[in-house]
file run39.cif (mmCIF, C-alpha atoms)
data_target
loop_
_atom_site.label_atom_id
_atom_site.label_comp_id
_atom_site.auth_asym_id
_atom_site.auth_seq_id
_atom_site.Cartn_x
_atom_site.Cartn_y
_atom_site.Cartn_z
CA MET O 1 0.00 0.00 0.00
CA ILE O 2 1.23 3.50 -0.86
CA GLY O 3 1.16 6.35 1.67
CA VAL O 4 0.18 9.96 1.01
CA ILE O 5 0.99 12.69 3.55
CA PRO O 6 -0.65 16.06 2.79
CA ALA O 7 1.63 18.76 4.22
CA ALA O 8 0.90 21.83 2.13
CA GLY O 9 -1.24 23.86 4.56
CA SER O 10 -0.22 27.38 5.52
CA GLY O 11 -0.35 26.92 9.30
CA THR O 12 -1.56 30.48 9.93
CA ARG O 13 -2.92 29.62 13.39
CA MET O 14 0.64 29.03 14.58
CA HIS O 15 2.23 32.25 13.36
CA PRO O 16 4.90 33.51 13.78
CA PHE O 17 6.50 30.04 14.21
CA THR O 18 5.10 28.75 10.92
CA LYS O 19 6.30 31.78 8.92
CA ALA O 20 9.70 30.08 8.87
CA THR O 21 9.04 26.49 9.98
CA PRO O 22 6.28 24.17 8.71
CA LYS O 23 4.03 23.02 11.55
CA GLU O 24 4.69 19.44 10.41
CA LEU O 25 8.17 19.92 11.89
CA PHE O 26 6.86 20.93 15.34
CA PRO O 27 8.73 18.76 17.87
CA ILE O 28 6.86 16.10 19.84
CA GLU O 29 8.97 13.80 22.00
CA ARG O 30 12.18 14.99 20.30
CA LYS O 31 10.85 14.13 16.85
CA ALA O 32 8.96 16.21 14.29
CA VAL O 33 5.25 15.44 14.02
CA ILE O 34 5.74 14.25 10.45
CA ASP O 35 8.42 11.80 11.66
CA HIS O 36 5.79 10.14 13.83
CA VAL O 37 3.46 9.95 10.82
CA VAL O 38 6.13 8.36 8.62
CA ASP O 39 6.99 5.85 11.38
CA SER O 40 3.31 4.94 11.81
CA LEU O 41 2.78 4.34 8.09
CA HIS O 42 5.95 2.30 7.72
CA ASP O 43 5.92 0.33 10.98
CA CYS O 44 2.20 -0.39 11.32
CA CYS O 45 0.89 -0.35 7.77
CA GLY O 46 3.82 -1.82 5.84
CA VAL O 47 4.11 1.29 3.67
CA ASN O 48 7.45 1.52 1.86
CA LYS O 49 6.57 4.27 -0.63
CA ILE O 50 5.26 7.66 0.51
CA PHE O 51 4.29 10.77 -1.42
CA VAL O 52 4.43 13.96 0.65
CA ILE O 53 2.30 16.80 -0.73
CA VAL O 54 4.07 20.10 -0.20
CA GLY O 55 3.44 23.71 -1.21
CA ALA O 56 4.94 27.16 -0.78
CA GLN O 57 7.39 27.58 2.14
CA LYS O 58 7.55 23.81 2.73
CA GLY O 59 11.08 23.18 1.47
CA ALA O 60 12.24 22.45 5.02
CA ILE O 61 10.14 19.27 5.00
CA ILE O 62 12.06 18.01 1.96
CA ASP O 63 15.36 18.86 3.65
CA HIS O 64 14.21 17.10 6.82
CA LEU O 65 12.88 13.82 5.38
CA GLY O 66 15.03 13.52 2.26
CA ASN O 67 14.28 10.46 0.14
CA GLY O 68 13.54 8.31 3.20
CA GLU O 69 16.72 6.26 3.00
CA GLU O 70 18.16 7.63 6.23
CA ILE O 71 14.94 6.76 8.05
CA ASN O 72 14.79 3.18 6.77
CA LYS O 73 16.65 1.52 3.91
CA GLU O 74 13.38 0.01 2.63
CA LEU O 75 11.54 3.34 2.62
CA ARG O 76 11.29 5.76 -0.30
CA ILE O 77 9.79 9.25 -0.05
CA ALA O 78 8.97 11.50 -3.01
CA TYR O 79 7.34 14.94 -3.17
CA LEU O 80 4.42 16.38 -5.12
CA TYR O 81 3.67 20.09 -5.25
CA GLN O 82 0.28 21.72 -4.69
CA GLU O 83 0.53 24.96 -6.65
CA LYS O 84 -2.46 26.61 -4.94
CA ARG O 85 -4.06 25.65 -1.67
CA LYS O 86 -7.51 24.44 -2.71
CA GLY O 87 -8.41 22.07 0.10
CA LEU O 88 -7.34 18.66 1.38
CA ALA O 89 -9.00 16.66 -1.42
CA HIS O 90 -7.19 18.82 -3.98
CA ALA O 91 -3.88 18.22 -2.18
CA ILE O 92 -4.39 14.45 -2.32
CA TYR O 93 -5.42 14.76 -5.98
CA GLN O 94 -1.85 15.80 -6.82
CA ALA O 95 -0.95 12.09 -6.55
CA LYS O 96 -3.40 11.09 -9.31
CA ASP O 97 -0.79 10.25 -11.95
CA TRP O 98 1.34 8.29 -9.51
CA ILE O 99 -1.10 5.92 -7.80
CA ASN O 100 -3.17 3.09 -9.26
CA GLU O 101 -3.78 1.01 -6.13
CA ASP O 102 -5.39 1.48 -2.72
CA PHE O 103 -3.53 4.06 -0.65
CA ILE O 104 -3.51 5.42 2.90
CA VAL O 105 -3.73 9.14 3.62
CA HIS O 106 -2.43 10.56 6.89
CA VAL O 107 -2.27 14.34 7.34
CA GLY O 108 1.21 15.53 8.27
CA ASP O 109 0.34 17.75 11.24
CA SER O 110 -1.41 15.13 13.39
CA LEU O 111 -0.70 11.73 14.87
CA ILE O 112 -2.62 8.83 16.36
CA TYR O 113 -1.76 7.17 19.67
CA PRO O 114 -1.37 4.27 19.85
CA LYS O 115 -0.24 3.99 16.23
CA SER O 116 -1.52 0.38 16.16
CA GLU O 117 -4.96 1.94 15.50
CA LEU O 118 -3.78 2.50 11.92
CA LYS O 119 -3.05 -1.20 11.55
CA LYS O 120 -6.61 -1.97 12.63
CA MET O 121 -8.01 0.40 10.00
CA VAL O 122 -5.91 -1.11 7.20
CA LYS O 123 -6.97 -4.62 8.26
CA VAL O 124 -10.65 -3.68 7.99
CA HIS O 125 -10.11 -2.10 4.59
CA ASN O 126 -8.24 -5.13 3.23
CA GLU O 127 -10.94 -7.51 4.47
CA LEU O 128 -14.04 -5.57 3.32
CA LYS O 129 -12.54 -3.78 0.29
CA PRO O 130 -14.76 -0.65 0.35
CA PHE O 131 -14.18 2.53 -1.62
CA ALA O 132 -12.92 4.20 1.57
CA THR O 133 -12.20 3.39 5.20
CA ILE O 134 -12.01 6.17 7.77
CA LEU O 135 -10.57 6.10 11.29
CA ALA O 136 -13.31 7.67 13.39
CA PRO O 137 -13.23 8.82 17.03
CA ARG O 138 -16.13 10.34 18.97
CA VAL O 139 -16.12 13.96 20.14
CA SER O 140 -18.51 16.22 22.00
CA ASP O 141 -17.84 19.33 19.86
CA PRO O 142 -18.25 18.60 16.13
CA THR O 143 -17.60 22.11 14.80
CA HIS O 144 -13.91 21.60 13.91
CA TYR O 145 -14.25 18.27 12.10
CA GLY O 146 -15.76 16.40 9.22
CA VAL O 147 -18.75 14.76 10.95
CA LEU O 148 -19.94 11.29 9.92
CA LYS O 149 -23.40 9.75 10.01
CA ILE O 150 -23.13 5.97 10.39
CA ASP O 151 -25.53 3.02 10.54
CA LYS O 152 -25.39 0.11 13.01
CA ASP O 153 -22.76 -1.66 10.89
CA ASN O 154 -20.46 1.40 10.78
CA ASN O 155 -21.30 2.13 7.17
CA ILE O 156 -21.09 5.87 6.50
CA ILE O 157 -24.32 7.20 5.03
CA ASP O 158 -23.63 10.95 5.12
CA THR O 159 -20.98 13.48 6.10
CA ILE O 160 -20.66 17.21 6.64
CA GLU O 161 -17.55 19.41 6.98
CA LYS O 162 -17.13 21.65 10.08
CA PRO O 163 -20.84 22.17 10.77
CA THR O 164 -22.46 24.48 13.29
CA ILE O 165 -24.02 22.74 16.29
CA GLU O 166 -27.42 23.13 14.63
CA GLU O 167 -26.22 21.64 11.34
CA ALA O 168 -24.61 18.73 13.19
CA GLN O 169 -27.74 17.65 15.11
CA PRO O 170 -28.94 15.07 12.51
CA PHE O 171 -25.48 13.47 12.70
CA LYS O 172 -25.49 12.99 16.46
CA SER O 173 -24.75 9.46 17.70
CA GLY O 174 -25.90 9.13 21.31
CA ASN O 175 -24.49 12.13 23.15
CA GLU O 176 -21.50 12.54 20.82
CA TYR O 177 -20.48 12.85 17.20
CA VAL O 178 -18.47 10.46 15.06
CA VAL O 179 -15.81 12.42 13.15
CA ASN O 180 -12.93 11.85 10.78
CA MET O 181 -9.41 12.83 11.79
CA GLY O 182 -7.66 13.10 8.44
CA VAL O 183 -6.67 9.42 8.27
CA TYR O 184 -8.17 7.42 5.40
CA VAL O 185 -7.64 4.44 3.12
CA PHE O 186 -8.96 5.08 -0.40
CA SER O 187 -9.46 3.16 -3.59
CA PRO O 188 -7.84 4.93 -6.58
CA LYS O 189 -11.43 5.78 -7.62
CA PHE O 190 -10.91 8.71 -5.24
CA PHE O 191 -9.26 10.71 -8.03
CA GLN O 192 -12.24 10.19 -10.35
CA TYR O 193 -14.66 11.37 -7.68
CA VAL O 194 -12.59 14.49 -6.98
CA GLU O 195 -13.09 15.42 -10.63
CA GLU O 196 -16.86 14.91 -10.27
CA THR O 197 -17.15 16.93 -7.05
CA PRO O 198 -17.85 20.69 -7.05
CA LYS O 199 -15.96 23.08 -4.79
CA GLY O 200 -17.26 23.31 -1.24
CA ILE O 201 -16.47 25.51 1.78
CA LYS O 202 -14.25 28.52 0.91
CA GLY O 203 -14.25 27.42 -2.72
CA GLU O 204 -12.06 24.41 -1.87
CA TYR O 205 -12.23 20.69 -2.62
CA GLN O 206 -12.90 18.90 0.66
CA VAL O 207 -12.75 15.17 1.41
CA PRO O 208 -16.29 14.97 2.90
CA ASP O 209 -17.69 16.37 -0.37
CA VAL O 210 -15.79 13.72 -2.34
CA ILE O 211 -17.17 11.04 -0.03
CA LYS O 212 -20.68 12.38 -0.63
CA THR O 213 -20.10 12.01 -4.37
CA ALA O 214 -18.96 8.41 -3.83
CA LEU O 215 -22.02 7.66 -1.67
CA LYS O 216 -24.28 8.95 -4.45
CA ARG O 217 -22.58 6.39 -6.72
CA LYS O 218 -23.52 3.68 -4.17
CA GLU O 219 -19.93 3.18 -3.03
CA LYS O 220 -19.28 1.54 0.35
CA VAL O 221 -17.57 3.78 2.91
CA ILE O 222 -16.74 2.38 6.34
CA ALA O 223 -15.93 4.02 9.66
CA VAL O 224 -13.52 2.24 11.99
CA PRO O 225 -14.29 3.38 15.55
CA THR O 226 -11.26 4.29 17.64
CA THR O 227 -10.69 5.33 21.23
CA GLY O 228 -7.11 6.28 20.38
CA LYS O 229 -5.77 9.76 21.02
CA TYR O 230 -6.00 12.14 18.07
CA ALA O 231 -3.09 14.52 18.57
CA ASN O 232 -3.47 17.52 16.27
CA ILE O 233 -0.94 20.34 15.91
CA GLY O 234 -3.54 22.78 14.64
CA ASN O 235 -2.86 25.77 16.89
CA TRP O 236 -0.73 26.65 19.90
CA GLU O 237 -3.28 25.37 22.41
CA SER O 238 -3.62 21.95 20.77
CA ALA O 239 0.16 21.70 20.30
CA GLU O 240 0.74 22.33 24.01
CA GLU O 241 -1.98 19.80 24.87
CA VAL O 242 -0.25 17.15 22.73
CA GLN O 243 3.10 17.82 24.38
CA GLU O 244 1.51 17.47 27.82
CA PHE O 245 -0.25 14.24 26.79
CA PHE O 246 3.03 12.59 25.78
CA ARG O 247 4.82 13.87 28.89
CA ASN O 248 2.15 12.14 30.98
CA ILE O 249 2.49 8.93 28.94
CA LYS O 250 6.24 8.97 29.59
CA LYS O 251 5.67 9.51 33.33
CA MET O 252 3.20 6.61 33.46
CA LYS O 253 5.62 4.27 31.68
CA LYS O 254 8.45 5.30 33.99
CA SER O 255 6.23 4.74 37.02
CA GLU O 256 5.28 1.26 35.77
CA MET O 257 8.96 0.36 35.32
CA LEU O 258 9.70 1.35 38.94
CA LYS O 259 7.00 -0.89 40.39
#

call {"tool": "encode", "arguments": {"input": "run39.cif", "output": "structure tokens"}}
result
Amino acid sequence: MIGVIPAAGSGTRMHPFTKATPKELFPIERKAVIDHVVDSLHDCCGVNKIFVIVGAQKGAIIDHLGNGEEINKELRIAYLYQEKRKGLAHAIYQAKDWINEDFIVHVGDSLIYPKSELKKMVKVHNELKPFATILAPRVSDPTHYGVLKIDKDNNIIDTIEKPTIEEAQPFKSGNEYVVNMGVYVFSPKFFQYVEETPKGIKGEYQVPDVIKTALKRKEKVIAVPTTGKYANIGNWESAEEVQEFFRNIKKMKKSEMLK
């Protein structure tokens, strides 16, 4: 399976740091966030080929990761350029001419803990062979996510991107909302459906809109529930929260070792 890491976003919510340094290089546990992503794809999903989608002011990522050889001799990393920032689906679409098999997408500014949750998602996708499989946690506030509506078998039947609380009400599952966290496995049909999908919020091409197009074509899209930690470096507050989370994990492990 091929990996795709979108890393072309502008990172404006972390200025002035991101004026010079991509947020994908923000340090977590003495490693850049994108290092954790690469490790997860390679170690847990068996991915040996990764395309990183970069854009303006992202040259430092190329300098940092190189061709992947220094990370692992079996790993190869190449770069595709998103000329204009037109949404996540558009960023992934840059890989159209390079992928003709199922592929896993993992945004470059977030990570999943434990990373074994990715392995679970890939296993489900390989067994059921849907158009798309989405790792899906539950949250109480849906307004910052793509929200999923699922049936009793975890089939996705609808989705909406960053809704208001009122817009999200029909998607409520119990007292919470099932959301996507920017981690997907797609069939290569994804590229076809991007072409068939009109622009959405802010005139951009968003993944939930592409999924809606696929659902209209009667494609199967599956949510894989997870209780894993979604660690997102989206702004300074979330970055500090992630650092604190991993400090606590380290303290717990150290405490266990001393028992």

call {"tool": "resolve_selection", "arguments": {"input": "run39.cif", "expression": "the PyMOL selection byres ((chain O and resi 40) around 12)", "output": "compact mmCIF listing (two decimals) with C-alpha atoms, keeping the file's coordinate frame"}}
result
# COMPACT_ATOMS: atom_id res chain seq x y z
CA GLY O 3 1.16 6.35 1.67
CA ILE O 5 0.99 12.69 3.55
CA VAL O 33 5.25 15.44 14.02
CA ILE O 34 5.74 14.25 10.45
CA ASP O 35 8.42 11.80 11.66
CA HIS O 36 5.79 10.14 13.83
CA VAL O 37 3.46 9.95 10.82
CA VAL O 38 6.13 8.36 8.62
CA ASP O 39 6.99 5.85 11.38
CA LEU O 41 2.78 4.34 8.09
CA HIS O 42 5.95 2.30 7.72
CA ASP O 43 5.92 0.33 10.98
CA CYS O 44 2.20 -0.39 11.32
CA CYS O 45 0.89 -0.35 7.77
CA GLY O 46 3.82 -1.82 5.84
CA VAL O 47 4.11 1.29 3.67
CA ASN O 48 7.45 1.52 1.86
CA ILE O 50 5.26 7.66 0.51
CA ILE O 104 -3.51 5.42 2.90
CA VAL O 105 -3.73 9.14 3.62
CA HIS O 106 -2.43 10.56 6.89
CA VAL O 107 -2.27 14.34 7.34
CA GLY O 108 1.21 15.53 8.27
CA SER O 110 -1.41 15.13 13.39
CA LEU O 111 -0.70 11.73 14.87
CA ILE O 112 -2.62 8.83 16.36
CA TYR O 113 -1.76 7.17 19.67
CA PRO O 114 -1.37 4.27 19.85
CA LYS O 115 -0.24 3.99 16.23
CA SER O 116 -1.52 0.38 16.16
CA GLU O 117 -4.96 1.94 15.50
CA LEU O 118 -3.78 2.50 11.92
CA LYS O 119 -3.05 -1.20 11.55
CA VAL O 122 -5.91 -1.11 7.20
CA VAL O 183 -6.67 9.42 8.27

call {"tool": "closest_residue", "arguments": {"input": "run39.cif", "among": "O:Pro137, O:Pro225, O:Gly200, O:Gly87", "to": "Lys120 (chain O)", "atoms": "only C-alpha atoms"}}
result
O:Pro225

call {"tool": "residues_around", "arguments": {"input": "run39.cif", "residues": "Glu166 (chain O)", "least_positions_apart": "5", "cutoff": "12 Å", "atoms": "all atoms listed in the file", "output": "PyMOL selection string"}}
result
chain O and resi 141-143+171-172

call {"tool": "atom_distance", "arguments": {"input": "run39.cif", "atom1": "CA of Phe191 (chain O)", "atom2": "CA of Glu219 (chain O)"}}
result
14.0 Å

call {"tool": "residues_around", "arguments": {"input": "run39.cif", "residues": "Ser238 (chain O)", "least_positions_apart": "4", "cutoff": "12 Å", "atoms": "all atoms listed in the file", "output": "count of residues only"}}
result
14
